[in-house]
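J.: Input structure: data.txt, which contains compact mmCIF, C-alpha atoms and all ligand atoms.
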# COMPACT_ATOMS: atom_id res chain seq x y z
CA MET A 88 -31.47 75.69 -55.07
CA MET A 89 -30.48 74.73 -51.53
CA HIS A 90 -28.14 71.82 -51.20
CA GLN A 91 -25.97 72.87 -48.28
CA ILE A 92 -27.31 71.39 -45.05
CA VAL A 93 -27.17 73.76 -42.06
CA LYS A 94 -27.37 71.43 -39.04
CA ARG A 95 -26.51 67.85 -39.86
CA ALA A 96 -29.02 65.02 -39.50
CA LYS A 97 -28.20 61.34 -39.17
CA ILE A 98 -29.91 57.97 -38.86
CA ILE A 99 -29.74 56.61 -35.31
CA GLY A 100 -31.94 53.52 -35.60
CA THR A 101 -33.55 51.27 -38.20
CA GLY A 102 -36.32 48.68 -38.36
CA SER A 103 -38.33 46.66 -40.86
CA TYR A 104 -41.25 44.32 -41.14
CA VAL A 105 -42.56 42.07 -43.92
CA PRO A 106 -45.70 39.91 -43.79
CA GLU A 107 -45.25 36.15 -43.40
CA ASN A 108 -47.18 34.92 -46.42
CA ILE A 109 -44.93 34.13 -49.44
CA TYR A 110 -45.88 34.02 -53.13
CA THR A 111 -43.12 32.28 -55.11
CA ASN A 112 -42.62 32.69 -58.87
CA GLU A 113 -43.69 29.06 -59.23
CA TYR A 114 -46.97 29.84 -57.48
CA LEU A 115 -47.59 32.80 -59.85
CA GLU A 116 -47.05 30.43 -62.80
CA THR A 117 -50.13 28.56 -61.59
CA ILE A 118 -52.38 31.66 -61.58
CA VAL A 119 -51.23 33.77 -64.57
CA ASP A 120 -49.40 33.34 -67.87
CA THR A 121 -45.83 33.93 -66.71
CA ASN A 122 -42.52 32.14 -66.37
CA ALA A 123 -40.61 31.69 -63.10
CA ASP A 124 -37.17 31.68 -64.75
CA TRP A 125 -37.97 34.79 -66.80
CA ILE A 126 -39.05 36.65 -63.64
CA TYR A 127 -35.81 35.75 -61.85
CA GLU A 128 -33.48 36.40 -64.77
CA THR A 129 -35.09 39.68 -65.91
CA LEU A 130 -36.33 41.19 -62.66
CA GLY A 131 -34.21 39.39 -60.04
CA ILE A 132 -37.26 38.21 -58.07
CA LYS A 133 -37.74 34.70 -56.64
CA GLU A 134 -40.54 35.42 -54.18
CA ARG A 135 -42.45 38.25 -52.51
CA ARG A 136 -44.35 38.77 -49.23
CA ILE A 137 -48.10 39.35 -49.34
CA THR A 138 -50.26 40.83 -46.58
CA GLY A 139 -53.31 38.99 -45.27
CA LYS A 140 -56.87 40.22 -45.89
CA ASP A 141 -57.06 41.92 -42.49
CA GLU A 142 -53.61 43.53 -42.70
CA ALA A 143 -53.26 47.15 -43.87
CA THR A 144 -50.21 49.27 -44.69
CA SER A 145 -50.19 50.80 -41.19
CA ASP A 146 -49.94 47.29 -39.66
CA LEU A 147 -46.61 46.78 -41.42
CA ALA A 148 -45.52 50.37 -40.88
CA TRP A 149 -45.97 50.60 -37.12
CA LYS A 150 -44.06 47.36 -36.52
CA ALA A 151 -41.10 48.64 -38.57
CA GLY A 152 -41.35 51.97 -36.73
CA GLN A 153 -41.39 50.35 -33.28
CA GLU A 154 -38.25 48.38 -34.14
CA ALA A 155 -36.46 51.53 -35.37
CA ILE A 156 -37.34 53.40 -32.14
CA GLU A 157 -35.98 50.50 -30.06
CA ASP A 158 -32.83 50.31 -32.21
CA ALA A 159 -32.32 54.05 -31.63
CA ARG A 160 -32.68 53.39 -27.88
CA LEU A 161 -35.46 55.95 -27.68
CA ASN A 162 -38.90 55.90 -26.12
CA VAL A 163 -42.01 56.33 -28.28
CA LYS A 164 -42.62 59.58 -26.37
CA ASP A 165 -39.34 60.98 -27.80
CA ILE A 166 -40.64 60.94 -31.37
CA ASP A 167 -41.88 64.39 -32.39
CA LEU A 168 -42.63 63.78 -36.07
CA ILE A 169 -43.77 60.70 -38.01
CA ILE A 170 -43.62 60.72 -41.81
CA VAL A 171 -45.11 57.74 -43.65
CA ALA A 172 -44.11 57.41 -47.30
CA THR A 173 -46.76 55.31 -49.00
CA ALA A 174 -48.67 54.97 -52.26
CA THR A 175 -51.04 52.42 -50.76
CA PRO A 176 -52.56 54.24 -47.77
CA ASP A 177 -54.97 52.48 -45.40
CA ARG A 178 -57.70 54.91 -46.50
CA LEU A 179 -57.95 58.13 -48.54
CA ALA A 180 -58.63 59.84 -45.19
CA PRO A 181 -57.15 60.10 -42.65
CA SER A 182 -53.45 59.72 -43.39
CA THR A 183 -51.76 56.37 -42.75
CA ALA A 184 -49.37 58.28 -40.47
CA CYS A 185 -52.29 58.95 -38.10
CA PHE A 186 -53.08 55.22 -37.97
CA VAL A 187 -49.38 54.55 -37.27
CA GLN A 188 -49.20 57.23 -34.57
CA ASP A 189 -52.19 55.68 -32.82
CA LYS A 190 -50.85 52.10 -33.09
CA LEU A 191 -47.49 53.25 -31.70
CA LYS A 192 -49.21 55.45 -29.09
CA ALA A 193 -46.74 58.15 -30.19
CA TYR A 194 -49.03 60.97 -29.17
CA ASN A 195 -46.23 63.55 -28.85
CA ALA A 196 -45.64 63.32 -32.58
CA VAL A 197 -47.05 65.27 -35.49
CA ALA A 198 -47.91 62.75 -38.22
CA PHE A 199 -48.39 63.06 -41.95
CA ASP A 200 -48.00 61.05 -45.16
CA LEU A 201 -45.75 61.86 -48.09
CA SER A 202 -46.66 60.76 -51.58
CA ALA A 203 -43.82 60.10 -54.04
CA VAL A 204 -44.48 56.38 -54.70
CA CYS A 205 -41.15 54.49 -55.06
CA SER A 206 -39.14 57.63 -54.19
CA GLY A 207 -41.24 58.24 -51.08
CA PHE A 208 -38.70 57.17 -48.46
CA LEU A 209 -35.89 59.18 -50.07
CA PHE A 210 -38.11 62.28 -50.26
CA SER A 211 -39.25 61.74 -46.64
CA MET A 212 -35.69 61.42 -45.33
CA SER A 213 -34.88 64.80 -46.90
CA VAL A 214 -37.96 66.35 -45.22
CA ALA A 215 -36.84 64.86 -41.89
CA ALA A 216 -33.33 66.27 -42.43
CA GLN A 217 -34.82 69.72 -43.06
CA TYR A 218 -36.79 69.67 -39.80
CA ILE A 219 -33.66 68.58 -37.93
CA ALA A 220 -31.57 71.23 -39.72
CA SER A 221 -33.98 73.98 -38.69
CA GLY A 222 -34.16 72.72 -35.11
CA VAL A 223 -37.97 72.36 -35.23
CA TYR A 224 -37.97 68.64 -34.37
CA GLN A 225 -35.38 66.43 -32.64
CA ASN A 226 -36.37 62.84 -33.46
CA VAL A 227 -38.17 62.09 -36.70
CA LEU A 228 -39.52 58.61 -37.44
CA VAL A 229 -39.47 58.08 -41.21
CA ILE A 230 -41.34 55.03 -42.46
CA GLY A 231 -41.63 53.66 -46.00
CA ALA A 232 -44.48 51.17 -46.26
CA ASP A 233 -46.51 49.72 -49.10
CA THR A 234 -48.96 46.92 -49.82
CA PHE A 235 -49.11 46.87 -53.62
CA SER A 236 -50.74 43.44 -53.42
CA LYS A 237 -53.94 45.37 -52.62
CA ILE A 238 -53.88 47.26 -55.95
CA THR A 239 -52.60 44.36 -58.08
CA ASP A 240 -54.71 42.59 -60.68
CA TRP A 241 -53.91 38.99 -59.82
CA GLU A 242 -55.31 37.85 -63.17
CA LYS A 243 -52.65 39.75 -65.17
CA ARG A 244 -48.95 38.97 -65.57
CA SER A 245 -48.07 42.40 -64.17
CA CYS A 246 -48.69 40.79 -60.78
CA VAL A 247 -45.07 39.57 -60.70
CA PHE A 248 -43.38 42.91 -59.91
CA PHE A 249 -44.36 43.90 -56.37
CA GLY A 250 -44.32 42.61 -52.81
CA ASP A 251 -45.48 44.11 -49.51
CA GLY A 252 -43.18 45.44 -46.79
CA ALA A 253 -42.16 48.31 -44.54
CA GLY A 254 -38.94 49.82 -43.26
CA ALA A 255 -38.19 52.68 -40.91
CA ALA A 256 -35.41 54.95 -39.69
CA VAL A 257 -35.13 57.43 -36.84
CA VAL A 258 -33.45 60.65 -37.99
CA SER A 259 -31.86 62.88 -35.33
CA GLN A 260 -29.29 65.64 -34.98
CA ALA A 261 -25.68 64.87 -35.93
CA ASN A 262 -22.23 66.37 -35.65
CA ILE A 263 -20.87 68.54 -38.44
CA ASN A 264 -19.04 65.85 -40.43
CA GLU A 265 -21.52 62.94 -40.35
CA GLY A 266 -25.02 62.02 -41.47
CA PHE A 267 -26.64 63.45 -44.60
CA LEU A 268 -23.96 65.09 -46.75
CA ALA A 269 -26.20 65.90 -49.72
CA TYR A 270 -29.47 65.13 -51.41
CA ARG A 271 -31.04 66.05 -54.71
CA LEU A 272 -34.71 65.50 -55.47
CA TYR A 273 -36.46 65.87 -58.82
CA SER A 274 -40.02 65.67 -60.15
CA ASP A 275 -41.25 65.46 -63.73
CA GLY A 276 -45.04 65.42 -63.92
CA SER A 277 -44.96 65.03 -67.69
CA GLY A 278 -44.38 61.33 -66.95
CA LYS A 279 -47.47 61.01 -64.74
CA TYR A 280 -49.33 58.31 -66.70
CA ASN A 281 -46.47 55.82 -67.02
CA PHE A 282 -47.27 54.27 -63.69
CA THR A 283 -50.68 55.05 -62.29
CA VAL A 284 -53.78 53.89 -60.44
CA PRO A 285 -56.56 55.53 -62.49
CA ALA A 286 -59.63 55.15 -60.25
CA GLY A 287 -60.46 55.84 -56.63
CA GLY A 288 -59.43 59.50 -56.50
CA SER A 289 -61.23 62.76 -57.33
CA GLU A 290 -60.51 62.49 -61.05
CA MET A 291 -62.31 59.15 -61.35
CA PRO A 292 -64.15 58.19 -58.16
CA SER A 293 -64.70 54.46 -57.60
CA SER A 294 -67.90 53.12 -59.14
CA LEU A 295 -69.22 49.76 -60.23
CA ASP A 296 -67.97 50.64 -63.71
CA THR A 297 -64.38 51.45 -62.59
CA VAL A 298 -64.26 48.23 -60.58
CA ASN A 299 -65.62 46.17 -63.49
CA LYS A 300 -62.91 47.68 -65.71
CA GLY A 301 -60.19 47.02 -63.12
CA LEU A 302 -59.23 50.70 -62.95
CA HIS A 303 -58.50 50.46 -59.22
CA TYR A 304 -55.42 48.37 -60.07
CA PHE A 305 -52.01 49.82 -60.93
CA GLN A 306 -51.10 50.22 -64.60
CA MET A 307 -47.43 50.27 -65.63
CA LYS A 308 -45.63 50.98 -68.90
CA GLY A 309 -42.67 48.71 -68.24
CA ARG A 310 -40.44 49.95 -71.04
CA GLU A 311 -40.90 53.59 -69.99
CA VAL A 312 -39.95 52.64 -66.41
CA TYR A 313 -36.78 50.96 -67.66
CA ASN A 314 -35.79 53.80 -70.00
CA THR A 315 -36.51 56.52 -67.44
CA GLY A 316 -34.88 54.67 -64.54
CA THR A 317 -31.62 54.11 -66.38
CA ARG A 318 -31.58 57.75 -67.53
CA VAL A 319 -32.49 59.61 -64.33
CA LEU A 320 -30.78 57.50 -61.66
CA PRO A 321 -27.27 58.18 -63.05
CA LYS A 322 -28.17 61.87 -63.44
CA ALA A 323 -29.21 62.25 -59.77
CA ILE A 324 -26.30 60.14 -58.48
CA ASN A 325 -23.65 62.03 -60.47
CA GLN A 326 -25.10 65.29 -59.18
CA VAL A 327 -24.78 64.34 -55.46
CA LEU A 328 -21.28 63.07 -56.14
CA ARG A 329 -20.42 66.46 -57.67
CA ASP A 330 -22.16 68.31 -54.78
CA THR A 331 -20.02 66.52 -52.20
CA GLY A 332 -16.80 66.12 -54.19
CA ILE A 333 -16.95 62.40 -53.40
CA ASP A 334 -15.61 60.01 -56.03
CA ILE A 335 -17.77 56.98 -56.92
CA ASN A 336 -14.86 54.74 -55.83
CA GLU A 337 -15.18 56.11 -52.28
CA ILE A 338 -18.80 54.88 -51.95
CA ASP A 339 -18.94 51.82 -49.66
CA PHE A 340 -22.56 50.78 -50.24
CA MET A 341 -25.30 51.81 -52.61
CA ILE A 342 -28.85 51.35 -51.33
CA PRO A 343 -31.11 51.86 -54.32
CA HIS A 344 -34.84 51.49 -54.72
CA GLN A 345 -35.54 48.01 -56.19
CA PRO A 346 -37.38 48.36 -59.53
CA SER A 347 -35.66 45.46 -61.33
CA ILE A 348 -32.23 43.86 -61.33
CA SER A 349 -31.75 44.94 -64.97
CA ILE A 350 -32.25 48.63 -64.08
CA LEU A 351 -29.86 48.33 -61.11
CA LYS A 352 -27.14 46.58 -63.15
CA LYS A 353 -27.38 49.13 -65.97
CA THR A 354 -27.29 52.02 -63.46
CA ALA A 355 -24.23 50.58 -61.67
CA GLU A 356 -22.50 50.22 -65.04
CA LEU A 357 -23.33 53.82 -66.05
CA ILE A 358 -22.05 55.35 -62.80
CA GLY A 359 -18.98 53.08 -62.63
CA LEU A 360 -19.83 51.29 -59.38
CA PRO A 361 -18.97 47.57 -58.96
CA PHE A 362 -22.27 45.68 -58.59
CA GLU A 363 -21.01 44.01 -55.36
CA LYS A 364 -21.52 47.37 -53.67
CA VAL A 365 -25.17 47.57 -54.76
CA MET A 366 -27.53 46.26 -52.08
CA THR A 367 -30.49 44.22 -53.30
CA ASN A 368 -33.15 42.02 -51.75
CA MET A 369 -35.40 41.78 -54.80
CA ASP A 370 -34.95 38.01 -54.79
CA ARG A 371 -36.78 37.73 -51.44
CA TYR A 372 -39.15 40.71 -51.42
CA ALA A 373 -39.57 42.01 -55.03
CA ASN A 374 -40.32 45.74 -55.29
CA THR A 375 -41.83 46.90 -51.99
CA SER A 376 -42.02 50.50 -53.34
CA GLY A 377 -41.64 52.89 -50.36
CA GLY A 378 -40.34 49.98 -48.29
CA THR A 379 -37.34 49.02 -50.44
CA ILE A 380 -34.69 51.47 -49.21
CA PRO A 381 -35.42 51.34 -45.46
CA ILE A 382 -35.72 47.52 -45.47
CA LEU A 383 -32.31 47.26 -47.18
CA LEU A 384 -30.83 49.82 -44.80
CA ASP A 385 -32.13 47.85 -41.82
CA GLU A 386 -30.70 44.60 -43.21
CA LEU A 387 -27.31 46.24 -43.78
CA ASN A 388 -27.35 47.89 -40.34
CA LYS A 389 -28.27 44.65 -38.53
CA SER A 390 -25.71 42.64 -40.54
CA LYS A 391 -22.97 44.60 -38.73
CA ARG A 392 -21.20 45.22 -42.05
CA LEU A 393 -21.56 48.99 -41.64
CA LYS A 394 -18.61 50.80 -40.10
CA LYS A 395 -18.28 54.34 -38.79
CA ASP A 396 -17.59 56.80 -41.64
CA ASP A 397 -18.84 54.41 -44.34
CA LEU A 398 -20.34 56.35 -47.24
CA ILE A 399 -23.80 55.17 -48.32
CA LEU A 400 -25.35 56.26 -51.59
CA PHE A 401 -29.17 56.20 -51.77
CA ALA A 402 -31.05 56.52 -55.06
CA ALA A 403 -34.67 56.09 -56.13
CA VAL A 404 -37.00 56.55 -59.08
CA GLY A 405 -40.76 56.37 -58.87
CA SER A 406 -44.04 57.22 -60.46
CA GLY A 407 -44.61 60.88 -61.20
CA TRP A 408 -41.85 60.81 -62.26
CA THR A 409 -40.08 61.38 -58.96
CA TYR A 410 -36.41 60.62 -58.44
CA GLY A 411 -33.33 61.59 -56.53
CA ALA A 412 -30.18 60.58 -54.69
CA SER A 413 -28.53 61.19 -51.35
CA ILE A 414 -25.20 60.44 -49.65
CA ILE A 415 -24.77 59.84 -45.93
CA LYS A 416 -21.70 59.27 -43.80
CA TRP A 417 -22.61 56.54 -41.31
CA SER A 418 -21.73 57.01 -37.66
C1 LIG A 501 -40.92 44.48 -67.66
C2 LIG A 501 -39.96 44.46 -68.82
C3 LIG A 501 -38.93 43.38 -68.62
C4 LIG A 501 -40.81 44.14 -70.05
O1 LIG A 501 -40.08 44.20 -71.24
P1 LIG A 501 -40.61 45.02 -72.49
O2 LIG A 501 -39.82 44.57 -73.66
O3 LIG A 501 -40.54 46.46 -72.12
O4 LIG A 501 -42.16 44.69 -72.59
P2 LIG A 501 -43.05 43.60 -73.27
O5 LIG A 501 -44.36 43.68 -72.53
O6 LIG A 501 -43.06 43.81 -74.75
O7 LIG A 501 -42.44 42.19 -72.94
C5 LIG A 501 -41.43 41.59 -73.72
C6 LIG A 501 -41.35 40.13 -73.39
O8 LIG A 501 -40.97 39.97 -72.02
C7 LIG A 501 -41.63 38.82 -71.49
N1 LIG A 501 -42.48 39.22 -70.35
C8 LIG A 501 -42.94 40.47 -70.08
N2 LIG A 501 -43.62 40.47 -68.92
C9 LIG A 501 -43.62 39.20 -68.49
C10 LIG A 501 -44.12 38.55 -67.33
N3 LIG A 501 -44.79 39.21 -66.36
N4 LIG A 501 -43.93 37.23 -67.21
C11 LIG A 501 -43.25 36.55 -68.13
N5 LIG A 501 -42.73 37.11 -69.23
C12 LIG A 501 -42.89 38.41 -69.40
C13 LIG A 501 -42.40 38.20 -72.58
O9 LIG A 501 -41.59 37.27 -73.23
C14 LIG A 501 -42.65 39.38 -73.50
O10 LIG A 501 -42.90 39.00 -74.78
P3 LIG A 501 -44.44 38.69 -75.22
O11 LIG A 501 -45.20 39.96 -75.03
O12 LIG A 501 -44.29 38.28 -76.64
O13 LIG A 501 -44.95 37.60 -74.35
C15 LIG A 501 -39.18 45.79 -68.97
O14 LIG A 501 -40.03 46.77 -69.47
C16 LIG A 501 -38.63 46.26 -67.66
O15 LIG A 501 -37.70 45.70 -67.10
N6 LIG A 501 -39.21 47.34 -67.15
C17 LIG A 501 -38.93 47.85 -65.84
C18 LIG A 501 -40.06 47.43 -64.99
C19 LIG A 501 -39.86 47.81 -63.59
O16 LIG A 501 -38.76 47.94 -63.13
N7 LIG A 501 -40.93 48.02 -62.87
C20 LIG A 501 -40.81 48.35 -61.49
C21 LIG A 501 -42.02 48.92 -60.98
S1 LIG A 501 -41.99 50.69 -60.95
If you convert what's in this file into structure tokens, what do you get?
Ligand SMILES: CC(C)(COP(=O)(O)OP(=O)(O)OC[C@H]1O[C@@H](n2cnc3c(N)ncnc32)[C@H](O)[C@@H]1OP(=O)(O)O)[C@@H](O)C(=O)NCCC(=O)NCCS
T.:
Amino acid sequence: MMHQIVKRAKIIGTGSYVPENIYTNEYLETIVDTNADWIYETLGIKERRITGKDEATSDLAWKAGQEAIEDARLNVKDIDLIIVATATPDRLAPSTACFVQDKLKAYNAVAFDLSAVCSGFLFSMSVAAQYIASGVYQNVLVIGADTFSKITDWEKRSCVFFGDGAGAAVVSQANINEGFLAYRLYSDGSGKYNFTVPAGGSEMPSSLDTVNKGLHYFQMKGREVYNTGTRVLPKAINQVLRDTGIDINEIDFMIPHQPSISILKKTAELIGLPFEKVMTNMDRYANTSGGTIPILLDELNKSKRLKKDDLILFAAVGSGWTYGASIIKWS
């Protein structure tokens, strides 16, 4: 296993974009059998953003990407790789990254998607860091973008969990003692049916029957997500702490994926991190899947609370299962 990074990579710019339309918990109470207070107390969500009919994932993604390029003080022409982490692509073909490349007019860039659902941005950042480490690419635009509203059954109470949004980061070369210090990624395909979209792929192509049965919507086993999240997040986090020799008390901010406030509180308790250090925006955006980590990073970056040498801990768990953690030294 390779965990020692050769050439360092760091984040030099961030951006994010969420659609304007808001669905509050109170609004959801009017369309399905749910309870606004329960949603807030259990999941930490007050409202979520929902894309319009004519808005696709790439429409959110390119806007977040453009902002990250500007924040990095680069030109679109400087980007040589675009990775889009998404589980809700514009189409099955071509990749959403190709739509984004065209919308950005970033024609010097190679573009591809990465599929790891809620862990997608974390996995994509590690891919970017590898390309920087090997010297193949100089400026990688990593985007996490999802529109789960498009695969949500709005007649079921499972519609409360997700919102739409996108975030982005430009990853470039760093000095020896800054940027990504470690990352650990894991996959466990034995958990593949705990969160899934059954129809629309090669296993079960879309048909009138699959649509009538609602098999093009996501299906989630909530309890499995909770049990797995609270088991694997501490495992991945403790491993990157061991890899780097960093004590949990030295971590300045944790930017986790946003599955539910209960999972985040339990994880913080298990790793011994005060919850004030755990970044969350679930109240405003719910779970934006691939978008959660980069949106939070952009908010933290723009809030000016980040200082040079701050240690940021990233962690994510997603369908697959996929999970992992990473530590960066901000500069
Ligand atoms: C969702 C979760 C709270 C459900 O709890 P659970 O005990 O596992 O599952 P149940 O479906 O038996 O629900 C228990 C009770 O919670 C309440 N509840 C569950 N979903 C609800 C919803 N959408 N709205 C209102 N109440 C809800 C109900 O009171 C329900 O009891 P009932 O079935 O008698 O009505 C829990 O599984 C969880 O937190 N999972 C993590 C989910 C997550 O993070 N998903 C992120 C996406 S990857």
J.: Please identify all polymer residues within 10 Å of segment 311-316 of chain A, counting all atoms listed in the file, omitting same-chain residues fewer than 3 positions from it, and present them as number ranges by chain.
T.: A: 278, 281-282, 307-308, 319-322, 346-347, 349-351, 353-354, 403-406, 408, 410
J.: Create the file for the chosen residues now, containing C-alpha atoms and written as a compact mmCIF listing (two decimals), in the frame of the given file.
T.:
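The resulting selection.txt:
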# COMPACT_ATOMS: atom_id res chain seq x y z
CA GLY A 278 -44.38 61.33 -66.95
CA ASN A 281 -46.47 55.82 -67.02
CA PHE A 282 -47.27 54.27 -63.69
CA MET A 307 -47.43 50.27 -65.63
CA LYS A 308 -45.63 50.98 -68.90
CA VAL A 319 -32.49 59.61 -64.33
CA LEU A 320 -30.78 57.50 -61.66
CA PRO A 321 -27.27 58.18 -63.05
CA LYS A 322 -28.17 61.87 -63.44
CA PRO A 346 -37.38 48.36 -59.53
CA SER A 347 -35.66 45.46 -61.33
CA SER A 349 -31.75 44.94 -64.97
CA ILE A 350 -32.25 48.63 -64.08
CA LEU A 351 -29.86 48.33 -61.11
CA LYS A 353 -27.38 49.13 -65.97
CA THR A 354 -27.29 52.02 -63.46
CA ALA A 403 -34.67 56.09 -56.13
CA VAL A 404 -37.00 56.55 -59.08
CA GLY A 405 -40.76 56.37 -58.87
CA SER A 406 -44.04 57.22 -60.46
CA TRP A 408 -41.85 60.81 -62.26
CA TYR A 410 -36.41 60.62 -58.44
J.: Pick from A:Ile137, A:Leu302, A:Val247, A:Leu168: nearest to ligand LIG 501 (chain A), with all atoms listed in the file counted?
T.: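 Answer, going by the shortest atom-to-atom distance: A:Val247.
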J.: Which residue, A:Gly231, A:Gly139, A:Gly131, A:Pro181, has the smallest gap to ligand LIG 501 (chain A) when you use all atoms listed in the file?
T.: A:Gly131
J.: Given the choices A:Ala184, A:Ala286, A:Leu387, A:Cys205, which gets closest to ligand LIG 501 (chain A) if the distance is worked out from only C-alpha atoms and all ligand atoms?
T.: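 Using only C-alpha atoms and all ligand atoms, the shortest distance to ligand LIG 501 (chain A) belongs to A:Cys205.
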J.: Which neighbours of segment 371-378 of chain A fall inside 8 Å, counting all atoms listed in the file, when residues of the same chain fewer than 3 positions from it are skipped, and could you give them as a VMD selection string?
T.: chain A and resid 131 to 136 172 to 174 204 to 208 230 to 235 248 to 254 344 to 347 368 381 to 382
